[in-house]
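Chemist: Below is the structure I would like to discuss, written out as structure tokens.
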Amino acid sequence: MGKSRYLLKSLISAVLFLSMLLSLPYSASARPTLIRTIKTGLHPDAVAAVSGGKYIYVANKDSYTVSIINTSTGEVTGNISVGFYPFAIAKSINGKYIYVANRGSNTVSVISTQTKNIIGTINVGVNPVAIAVNPDGKYVYAVNKDSNSVSVIDRTTKSVISTIQVGSHPKAIAVSPNGGYAYVVNKSGNSVSVIDTSFNKVVSTITVGKNPDAVTISPSGNFAYIANKLSDTLSVIDTAANLLTATINVGQHPKAIAVSPNGGYLFVINKNGNNISIINKKMINISNDIKVGLNPVRLAIGSHGKHVYITNKESNSVAIVKVSENKVESVIKVGLYPVAIAVNPNGKYVYVANKGGDTVNIINTSTRKTVFTIPVGTNPDFITTSYNGEHVYVANWDSNSISVINGLENKLETSITVGSHPKGIAVSPNGKYVYVANKGSGTVSVINGLTNELQKTVHVGKHPMSIVVSPNSRYVYVVNKGAGTLSIINSIKNKVLATINVGAHPKEISVSPDGKNVYVVNKYGNSLSIIQQ
């Protein structure tokens with residue numbers, strides 16, 4: 001009884017202490033801080049993360065090294081000399097090994113993630129350009145472009161156990177989910193080599209279209225899809241029989257492929273053919289080339305995957321395709337040069353930004369009709385919705401404004417003057433604030449998402465273009481491309497906590513899922529900056 005009373009008392013004390021902590025304002029120690037800007041090698045080109053993201057391995061193409069970075073301490077724990085021009089990197093499934101394809105020295109370097117050292121350097125073919133690991137981790141496959149071969153590496157012995165001749169100029173490889181076969185695209189040979197990984201030999205060479213450039217295997221593993229750039233076709237291989245089951249004529253220069261949420265369909269946008277191709281993966285021989293409009297440039301899939309919406313820039317229209325019937329249900333005239341499209345999270349409406357017409361069309365997905373055409377600012381070229389779909393935000397490049405559309409009533413609520421040339425928009429996960437990166441004025445506009453009022457203008461660095469909000473909504477991170485800096489904004493006080501010098505031309509920014517770390521890749525600075533929150 002006494003022990004229970006003691007535990008209860010302790011629990012109450014802990015809850016009170018936690019409540020006190022949560023009620024405290026942010027302290028300086030809680031602010032994001034730069035751990036370090038870490039010099040890697042010249043022109044870091046590929047990266048792999050292991051141990052739950054604790055370590056990052058960066059392949060430095062022009063300094064012939066791999067940098068190992070401890071993300072907890074922000075320190076480089078090693079710079080490992082590998083071969084010339086490390087071009088591709090892959091990790092084993094269990095994360096114990098890193099494999100680096102060295103294009104200039106015709107080798108693969110094997111790095112142990114436990115010892116952080118090279119444990120093997122393996123001679124492969126000429127010009128290895130791609131590398132893949134079998135799902136069971138026992139074998140590694142290096143694609144050698146100029147020797148027309150694939151080197152099979154045994155993980156245990158760290159040696160090539162087989163060199164498999166494939167077609168002319170192999171470029172890409174994909175391994176089936178069960179690991180039984182590897183599919184190698186031969187760009188100049190217009191073929192796919194199918195390798196039986198049990199016997200390490202080519203069991204089939206399948207002729208596909210002209211200049212195959214990429215290979216994708218379906219999530220189920222039942223089919224492999226090959227895009228043939230110069231013959232305007234999609235080749236379909238049945239992976240059970242390893243036979244070509246269909247060559248589907250798509251449009252001229254197939255540009256983009258999207259998969260429906262349920263995985264039942266493939267959608268192929270054919271830029272020069274002004275059409276969209278729909279392939280039903282359950283009945284693979286059923287395919288339609290559906291004429292949409294001139295120069296289709298953007299595609300959005302409805303929330304339930306039943307419809308696809310395509311913006312046709314040169315014909316000033318949106319085509320609505322019903323997937324189950326493989327047909328265009330409607331072609332809706334919109335404004336001049338529709339370039340951006342977004343779907344309300346509830347699936348009821350589609351929003352189309354017309355760059356040349358300075359308008360947004362709101363399409364009712366049930367009636368397939370435009371219900372409103374709303375004038376916005378000049379040259380709108382970015383559009384997004386809030387997480388709950390209650391608001392739609394449009395960045396108007398030449399009128400230096402953000403148009404706010406009520407997503408429930410489908411009407412323009414207000415136009416908010418922001419900085420010069422707004423380029424990026426980020427909405428906080430809690431929906432309370434909208435942040436606009438203004439490239440021309442070097443500022444971030446903070447908009448109250450509840451009142452649609454400009455709350456503050458925060459000066460950041462030169463040419464802010466990309467902007468993200470932390471998962472807990474406390475911080476806003478802005479990459480200033482022209483200044484080589486990262487600005488960190490406290491979302492409570494709406495002021496810059498720090499402007500951190502990163503590297504020259506910071507290009508990429510990402511936040512870890514737990515929100516604890518921000519990673520900035522500096523393209524011309526040859527470095528990786530880690531910021532710890």
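Ligands are numbered from 1 in the order shown, chains are lettered A, B, ... in the order of the structure tokens, and residues start at 1 in each chain.
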Set the distance at 8 Å and use only C-alpha atoms: which residues neighbour Asn134 (chain A) once local chain neighbours fewer than 6 positions away are removed? I'd like the list as a PyMOL selection string.

Modeler: chain A and resi 140-141+175+179

Chemist: Could the residues in this selection be written to a file with N, CA and C atoms, as a compact mmCIF listing (two decimals), in the first residue's frame?

Modeler:
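Final output, saved to part_36.txt:
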# COMPACT_ATOMS: atom_id res chain seq x y z
N VAL A 140 25.91 -8.04 -54.71
CA VAL A 140 25.88 -6.66 -55.19
C VAL A 140 26.13 -6.70 -56.69
N TYR A 141 25.41 -5.86 -57.42
CA TYR A 141 25.50 -5.86 -58.88
C TYR A 141 25.98 -4.48 -59.35
N VAL A 175 16.29 -4.76 -59.33
CA VAL A 175 16.19 -6.13 -58.82
C VAL A 175 14.76 -6.37 -58.35
N GLY A 179 14.15 -10.85 -55.19
CA GLY A 179 15.57 -11.04 -55.45
C GLY A 179 15.90 -12.08 -56.49

Chemist: For Leu230 (chain A), list every protein, DNA or RNA residue within 8 Å, evaluated using only C-alpha atoms, and leave out those in the same chain fewer than 6 positions away; present the list as a PyMOL selection string.

Modeler: chain A and resi 209-212+253

Chemist: Leaving out region 185-191 of chain A and any residue of its chain fewer than 3 positions from it, which residues lie within 7 Å of it when counting only C-alpha atoms, given as a list in words?

Modeler: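 Listing them by chain and then by number gives Gly167, Ser168, His169, Pro170, Lys171, Ala172, Ile173, Thr205, Ile206, Thr207, Val208, Gly209, Lys210, Asn211, Pro212, Asp213, Ala214 and Val215 of chain A.
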
Chemist: I need the chosen residues saved as a PDB file, in the first residue's frame, with N, CA, C and O atoms.

Modeler:
ATOM      1  N   GLY A 167      23.797  -6.302 -72.794  1.00  0.00           N
ATOM      2  CA  GLY A 167      23.720  -5.620 -74.078  1.00  0.00           C
ATOM      3  C   GLY A 167      24.638  -4.413 -74.151  1.00  0.00           C
ATOM      4  O   GLY A 167      25.470  -4.176 -73.278  1.00  0.00           O
ATOM      5  N   SER A 168      24.453  -3.633 -75.207  1.00  0.00           N
ATOM      6  CA  SER A 168      25.321  -2.497 -75.469  1.00  0.00           C
ATOM      7  C   SER A 168      24.963  -1.304 -74.587  1.00  0.00           C
ATOM      8  O   SER A 168      23.818  -0.880 -74.524  1.00  0.00           O
ATOM      9  N   HIS A 169      25.969  -0.809 -73.880  1.00  0.00           N
ATOM     10  CA  HIS A 169      25.841   0.362 -73.020  1.00  0.00           C
ATOM     11  C   HIS A 169      24.717   0.234 -71.995  1.00  0.00           C
ATOM     12  O   HIS A 169      23.750   0.991 -72.017  1.00  0.00           O
ATOM     13  N   PRO A 170      24.849  -0.708 -71.079  1.00  0.00           N
ATOM     14  CA  PRO A 170      23.846  -0.817 -70.008  1.00  0.00           C
ATOM     15  C   PRO A 170      23.886   0.436 -69.140  1.00  0.00           C
ATOM     16  O   PRO A 170      24.969   0.978 -68.851  1.00  0.00           O
ATOM     17  N   LYS A 171      22.719   0.892 -68.732  1.00  0.00           N
ATOM     18  CA  LYS A 171      22.658   2.155 -67.994  1.00  0.00           C
ATOM     19  C   LYS A 171      22.015   2.032 -66.623  1.00  0.00           C
ATOM     20  O   LYS A 171      22.373   2.760 -65.695  1.00  0.00           O
ATOM     21  N   ALA A 172      21.036   1.148 -66.488  1.00  0.00           N
ATOM     22  CA  ALA A 172      20.279   1.076 -65.232  1.00  0.00           C
ATOM     23  C   ALA A 172      19.969  -0.369 -64.898  1.00  0.00           C
ATOM     24  O   ALA A 172      19.988  -1.252 -65.764  1.00  0.00           O
ATOM     25  N   ILE A 173      19.668  -0.603 -63.615  1.00  0.00           N
ATOM     26  CA  ILE A 173      19.360  -1.952 -63.152  1.00  0.00           C
ATOM     27  C   ILE A 173      18.298  -1.879 -62.066  1.00  0.00           C
ATOM     28  O   ILE A 173      18.242  -0.931 -61.285  1.00  0.00           O
ATOM     29  N   THR A 205      17.204 -12.207 -73.249  1.00  0.00           N
ATOM     30  CA  THR A 205      17.476 -10.861 -73.733  1.00  0.00           C
ATOM     31  C   THR A 205      16.258 -10.414 -74.510  1.00  0.00           C
ATOM     32  O   THR A 205      15.932 -10.998 -75.554  1.00  0.00           O
ATOM     33  N   ILE A 206      15.604  -9.442 -73.989  1.00  0.00           N
ATOM     34  CA  ILE A 206      14.312  -9.036 -74.528  1.00  0.00           C
ATOM     35  C   ILE A 206      14.473  -7.735 -75.302  1.00  0.00           C
ATOM     36  O   ILE A 206      14.919  -6.717 -74.765  1.00  0.00           O
ATOM     37  N   THR A 207      14.113  -7.778 -76.558  1.00  0.00           N
ATOM     38  CA  THR A 207      14.154  -6.567 -77.379  1.00  0.00           C
ATOM     39  C   THR A 207      13.012  -5.650 -76.984  1.00  0.00           C
ATOM     40  O   THR A 207      11.850  -6.067 -76.905  1.00  0.00           O
ATOM     41  N   VAL A 208      13.361  -4.410 -76.711  1.00  0.00           N
ATOM     42  CA  VAL A 208      12.332  -3.433 -76.342  1.00  0.00           C
ATOM     43  C   VAL A 208      12.373  -2.312 -77.373  1.00  0.00           C
ATOM     44  O   VAL A 208      12.695  -2.541 -78.529  1.00  0.00           O
ATOM     45  N   GLY A 209      12.033  -1.120 -76.979  1.00  0.00           N
ATOM     46  CA  GLY A 209      12.001  -0.016 -77.920  1.00  0.00           C
ATOM     47  C   GLY A 209      13.353   0.642 -78.075  1.00  0.00           C
ATOM     48  O   GLY A 209      14.367   0.218 -77.507  1.00  0.00           O
ATOM     49  N   LYS A 210      13.370   1.716 -78.841  1.00  0.00           N
ATOM     50  CA  LYS A 210      14.610   2.414 -79.140  1.00  0.00           C
ATOM     51  C   LYS A 210      15.023   3.314 -77.985  1.00  0.00           C
ATOM     52  O   LYS A 210      14.226   4.062 -77.442  1.00  0.00           O
ATOM     53  N   ASN A 211      16.285   3.185 -77.618  1.00  0.00           N
ATOM     54  CA  ASN A 211      16.881   4.015 -76.586  1.00  0.00           C
ATOM     55  C   ASN A 211      16.156   3.898 -75.240  1.00  0.00           C
ATOM     56  O   ASN A 211      15.712   4.889 -74.662  1.00  0.00           O
ATOM     57  N   PRO A 212      16.039   2.673 -74.712  1.00  0.00           N
ATOM     58  CA  PRO A 212      15.433   2.520 -73.376  1.00  0.00           C
ATOM     59  C   PRO A 212      16.298   3.226 -72.345  1.00  0.00           C
ATOM     60  O   PRO A 212      17.527   3.125 -72.386  1.00  0.00           O
ATOM     61  N   ASP A 213      15.644   3.933 -71.455  1.00  0.00           N
ATOM     62  CA  ASP A 213      16.393   4.818 -70.572  1.00  0.00           C
ATOM     63  C   ASP A 213      16.189   4.531 -69.090  1.00  0.00           C
ATOM     64  O   ASP A 213      16.993   4.955 -68.267  1.00  0.00           O
ATOM     65  N   ALA A 214      15.116   3.821 -68.751  1.00  0.00           N
ATOM     66  CA  ALA A 214      14.829   3.585 -67.332  1.00  0.00           C
ATOM     67  C   ALA A 214      14.016   2.316 -67.189  1.00  0.00           C
ATOM     68  O   ALA A 214      13.330   1.874 -68.121  1.00  0.00           O
ATOM     69  N   VAL A 215      14.093   1.711 -66.003  1.00  0.00           N
ATOM     70  CA  VAL A 215      13.323   0.507 -65.708  1.00  0.00           C
ATOM     71  C   VAL A 215      12.698   0.655 -64.325  1.00  0.00           C
ATOM     72  O   VAL A 215      13.338   1.148 -63.390  1.00  0.00           O
TER      73      VAL A 215
END

Chemist: Please, what distance in Å, to one decimal, runs between CA of Gly440 (chain A) and CA of Gly461 (chain A)?

Modeler: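 Taking CA of Gly440 (chain A) as the start and CA of Gly461 (chain A) as the end point, the length is 10.5 Å.
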
Chemist: So how many Å separate CA of Ser112 (chain A) and CA of Lys96 (chain A), to one decimal?

Modeler: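 For CA of Ser112 (chain A) relative to CA of Lys96 (chain A), the distance reads 6.1 Å.
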
Chemist: If you count only C-alpha atoms, which residues fall within 7 Å of Lys355 (chain A), apart from same-chain ones fewer than 4 positions away, as a ChimeraX atom specification?

Modeler: /A:336-339,379-381

Chemist: Compile the contact shell of region 238-246 of chain A as a count of residues only: residues with an atom at most 7 Å away, counting only C-alpha atoms, same-chain residues fewer than 5 positions apart removed.

Modeler: 5

Chemist: What are the DSSP strand (DSSP E) residues of region 423-468 of chain A, as number ranges by chain?

Modeler: A: 423-427, 433-438, 443-448, 453-459, 464-468

Chemist: Which distance in Å separates CA of Ile93 (chain A) and CA of Lys54 (chain A), to one decimal?

Modeler: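 Between CA of Ile93 (chain A) and CA of Lys54 (chain A) the gap works out to 15.8 Å.
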
Chemist: Would you list the contacts of region 426-439 of chain A as a short mmCIF file (atom, residue, chain, number, x, y, z; two decimals) with all heavy atoms, in the first residue's frame, taking every protein, DNA or RNA residue within 8 Å and counting only C-alpha atoms, but skipping same-chain residues closer than 4 positions in sequence?

Modeler:
data_model
loop_
_atom_site.label_atom_id
_atom_site.label_comp_id
_atom_site.auth_asym_id
_atom_site.auth_seq_id
_atom_site.Cartn_x
_atom_site.Cartn_y
_atom_site.Cartn_z
N SER A 386 -4.00 24.47 -47.84
CA SER A 386 -3.72 24.17 -46.44
C SER A 386 -3.93 22.68 -46.22
O SER A 386 -4.53 21.98 -47.04
CB SER A 386 -4.63 24.99 -45.53
OG SER A 386 -5.99 24.69 -45.78
N TYR A 387 -3.49 22.20 -45.06
CA TYR A 387 -3.56 20.77 -44.80
C TYR A 387 -4.99 20.27 -44.70
O TYR A 387 -5.29 19.12 -45.02
CB TYR A 387 -2.78 20.42 -43.53
CG TYR A 387 -1.29 20.53 -43.72
CD1 TYR A 387 -0.63 21.74 -43.51
CD2 TYR A 387 -0.54 19.45 -44.14
CE1 TYR A 387 0.74 21.85 -43.70
CE2 TYR A 387 0.83 19.55 -44.33
CZ TYR A 387 1.47 20.76 -44.11
OH TYR A 387 2.81 20.86 -44.30
N ASN A 388 -5.91 21.12 -44.24
CA ASN A 388 -7.31 20.71 -44.15
C ASN A 388 -8.12 21.13 -45.36
O ASN A 388 -9.32 20.87 -45.44
CB ASN A 388 -7.95 21.27 -42.88
CG ASN A 388 -7.87 22.79 -42.81
OD1 ASN A 388 -7.54 23.46 -43.79
ND2 ASN A 388 -8.17 23.33 -41.64
N VAL A 418 2.86 41.08 -50.56
CA VAL A 418 4.02 40.51 -49.88
C VAL A 418 5.27 41.17 -50.46
O VAL A 418 5.24 42.32 -50.88
CB VAL A 418 4.05 38.97 -50.02
CG1 VAL A 418 2.92 38.34 -49.21
CG2 VAL A 418 3.97 38.53 -51.48
N GLY A 419 6.37 40.45 -50.51
CA GLY A 419 7.60 41.01 -51.06
C GLY A 419 7.68 40.86 -52.56
O GLY A 419 6.74 40.43 -53.23
N SER A 420 8.84 41.19 -53.07
CA SER A 420 9.05 41.15 -54.51
C SER A 420 9.27 39.73 -55.00
O SER A 420 10.07 38.99 -54.47
CB SER A 420 10.27 42.01 -54.86
OG SER A 420 10.59 41.91 -56.23
N HIS A 421 8.52 39.37 -56.03
CA HIS A 421 8.63 38.07 -56.69
C HIS A 421 8.50 36.90 -55.71
O HIS A 421 9.47 36.17 -55.45
CB HIS A 421 9.94 37.95 -57.45
CG HIS A 421 10.06 38.93 -58.59
ND1 HIS A 421 8.98 39.33 -59.36
CD2 HIS A 421 11.13 39.61 -59.08
CE1 HIS A 421 9.38 40.18 -60.27
NE2 HIS A 421 10.69 40.38 -60.12
N PRO A 422 7.32 36.69 -55.15
CA PRO A 422 7.12 35.53 -54.26
C PRO A 422 7.34 34.24 -55.03
O PRO A 422 6.81 34.06 -56.12
CB PRO A 422 5.67 35.68 -53.80
CG PRO A 422 5.00 36.50 -54.87
CD PRO A 422 6.07 37.43 -55.36
N THR A 443 13.05 38.58 -48.40
CA THR A 443 12.21 38.58 -47.20
C THR A 443 11.31 37.35 -47.16
O THR A 443 11.11 36.66 -48.16
CB THR A 443 11.32 39.83 -47.14
OG1 THR A 443 10.45 39.86 -48.30
CG2 THR A 443 12.15 41.10 -47.09
N VAL A 444 10.76 37.14 -45.97
CA VAL A 444 9.70 36.15 -45.78
C VAL A 444 8.49 36.88 -45.21
O VAL A 444 8.61 37.59 -44.19
CB VAL A 444 10.13 35.01 -44.83
CG1 VAL A 444 8.93 34.16 -44.42
CG2 VAL A 444 11.18 34.14 -45.50
N SER A 445 7.38 36.73 -45.86
CA SER A 445 6.14 37.31 -45.38
C SER A 445 5.42 36.29 -44.51
O SER A 445 5.24 35.14 -44.92
CB SER A 445 5.23 37.73 -46.53
OG SER A 445 5.86 38.70 -47.34
N VAL A 446 5.02 36.72 -43.31
CA VAL A 446 4.31 35.84 -42.38
C VAL A 446 2.85 36.24 -42.39
O VAL A 446 2.49 37.38 -42.06
CB VAL A 446 4.87 35.95 -40.95
CG1 VAL A 446 4.15 34.98 -40.02
CG2 VAL A 446 6.37 35.69 -40.95
N ILE A 447 2.00 35.30 -42.78
CA ILE A 447 0.57 35.56 -42.90
C ILE A 447 -0.16 34.75 -41.84
O ILE A 447 0.11 33.55 -41.66
CB ILE A 447 0.06 35.18 -44.30
CG1 ILE A 447 0.76 36.04 -45.37
CG2 ILE A 447 -1.45 35.32 -44.40
CD1 ILE A 447 0.49 35.59 -46.78
N ASN A 448 -1.07 35.37 -41.13
CA ASN A 448 -1.92 34.68 -40.17
C ASN A 448 -2.93 33.84 -40.95
O ASN A 448 -3.77 34.39 -41.68
CB ASN A 448 -2.63 35.67 -39.26
CG ASN A 448 -3.36 34.99 -38.12
OD1 ASN A 448 -4.11 34.05 -38.33
ND2 ASN A 448 -3.15 35.48 -36.91
N GLY A 449 -2.85 32.54 -40.79
CA GLY A 449 -3.72 31.66 -41.55
C GLY A 449 -5.16 31.69 -41.11
O GLY A 449 -6.05 31.20 -41.82
N LEU A 450 -5.45 32.27 -39.94
CA LEU A 450 -6.82 32.37 -39.44
C LEU A 450 -7.50 33.66 -39.89
O LEU A 450 -8.69 33.67 -40.22
CB LEU A 450 -6.83 32.26 -37.92
CG LEU A 450 -6.21 30.99 -37.33
CD1 LEU A 450 -6.25 31.03 -35.80
CD2 LEU A 450 -6.92 29.75 -37.84
N LYS A 462 19.73 36.90 -49.35
CA LYS A 462 19.52 37.22 -50.75
C LYS A 462 18.94 36.03 -51.50
O LYS A 462 19.41 34.92 -51.41
CB LYS A 462 20.85 37.64 -51.38
CG LYS A 462 20.73 38.14 -52.81
CD LYS A 462 22.10 38.58 -53.33
CE LYS A 462 21.99 39.09 -54.76
NZ LYS A 462 23.33 39.49 -55.29
N HIS A 463 17.89 36.31 -52.25
CA HIS A 463 17.23 35.33 -53.11
C HIS A 463 16.71 34.11 -52.35
O HIS A 463 17.10 32.96 -52.65
CB HIS A 463 18.17 34.88 -54.23
CG HIS A 463 18.50 35.97 -55.20
ND1 HIS A 463 19.53 35.86 -56.11
CD2 HIS A 463 17.97 37.20 -55.40
CE1 HIS A 463 19.60 36.97 -56.82
NE2 HIS A 463 18.66 37.80 -56.40
N PRO A 464 15.84 34.30 -51.38
CA PRO A 464 15.21 33.12 -50.75
C PRO A 464 14.26 32.46 -51.73
O PRO A 464 13.48 33.13 -52.39
CB PRO A 464 14.45 33.72 -49.56
CG PRO A 464 14.16 35.13 -49.98
CD PRO A 464 15.33 35.56 -50.82
N MET A 465 14.37 31.15 -51.85
CA MET A 465 13.55 30.45 -52.84
C MET A 465 12.82 29.25 -52.24
O MET A 465 11.69 28.98 -52.61
CB MET A 465 14.42 29.99 -54.01
CG MET A 465 15.01 31.13 -54.80
SD MET A 465 15.96 30.57 -56.23
CE MET A 465 14.69 29.80 -57.23
N SER A 466 13.47 28.53 -51.37
CA SER A 466 12.86 27.34 -50.79
C SER A 466 12.57 27.60 -49.32
O SER A 466 13.38 28.22 -48.62
CB SER A 466 13.78 26.13 -50.94
OG SER A 466 14.01 25.84 -52.29
N ILE A 467 11.45 27.09 -48.84
CA ILE A 467 11.03 27.36 -47.47
C ILE A 467 10.28 26.15 -46.92
O ILE A 467 9.47 25.54 -47.63
CB ILE A 467 10.16 28.64 -47.41
CG1 ILE A 467 9.88 29.05 -45.96
CG2 ILE A 467 8.90 28.51 -48.23
CD1 ILE A 467 9.34 30.47 -45.84
N VAL A 468 10.59 25.76 -45.69
CA VAL A 468 9.92 24.63 -45.04
C VAL A 468 9.64 25.00 -43.59
O VAL A 468 10.29 25.86 -43.01
CB VAL A 468 10.77 23.34 -45.10
CG1 VAL A 468 10.99 22.87 -46.52
CG2 VAL A 468 12.11 23.54 -44.39
N VAL A 469 8.66 24.30 -43.02
CA VAL A 469 8.29 24.48 -41.62
C VAL A 469 8.61 23.20 -40.88
O VAL A 469 8.40 22.09 -41.40
CB VAL A 469 6.79 24.83 -41.48
CG1 VAL A 469 6.43 25.10 -40.02
CG2 VAL A 469 6.44 26.04 -42.34
N SER A 470 9.11 23.31 -39.67
CA SER A 470 9.43 22.13 -38.88
C SER A 470 8.15 21.37 -38.53
O SER A 470 7.06 21.95 -38.49
CB SER A 470 10.16 22.53 -37.58
OG SER A 470 9.32 23.31 -36.76
N PRO A 471 8.26 20.07 -38.27
CA PRO A 471 7.07 19.27 -37.97
C PRO A 471 6.27 19.79 -36.78
O PRO A 471 5.05 19.62 -36.74
CB PRO A 471 7.65 17.87 -37.69
CG PRO A 471 8.93 17.84 -38.47
CD PRO A 471 9.48 19.22 -38.38
N ASN A 472 6.92 20.41 -35.81
CA ASN A 472 6.20 20.92 -34.64
C ASN A 472 5.74 22.36 -34.82
O ASN A 472 5.22 22.97 -33.88
CB ASN A 472 7.05 20.80 -33.38
CG ASN A 472 8.35 21.59 -33.47
OD1 ASN A 472 8.55 22.39 -34.39
ND2 ASN A 472 9.24 21.35 -32.53
N SER A 473 5.94 22.93 -36.00
CA SER A 473 5.52 24.29 -36.37
C SER A 473 6.29 25.40 -35.65
O SER A 473 5.94 26.58 -35.78
CB SER A 473 4.01 24.49 -36.11
OG SER A 473 3.23 23.64 -36.91
N VAL A 478 14.66 28.82 -44.21
CA VAL A 478 14.66 29.45 -45.52
C VAL A 478 16.06 29.35 -46.12
O VAL A 478 17.04 29.79 -45.50
CB VAL A 478 14.25 30.93 -45.44
CG1 VAL A 478 14.08 31.51 -46.84
CG2 VAL A 478 12.97 31.09 -44.64
#

Chemist: Counting only C-alpha atoms, which of A:Ile492, A:Val124, A:Ala130, A:Ala483 gets nearest to Ser151 (chain A)?

Modeler: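 Ranking A:Ile492, A:Val124, A:Ala130, A:Ala483 by distance to Ser151 (chain A), first place goes to A:Val124.
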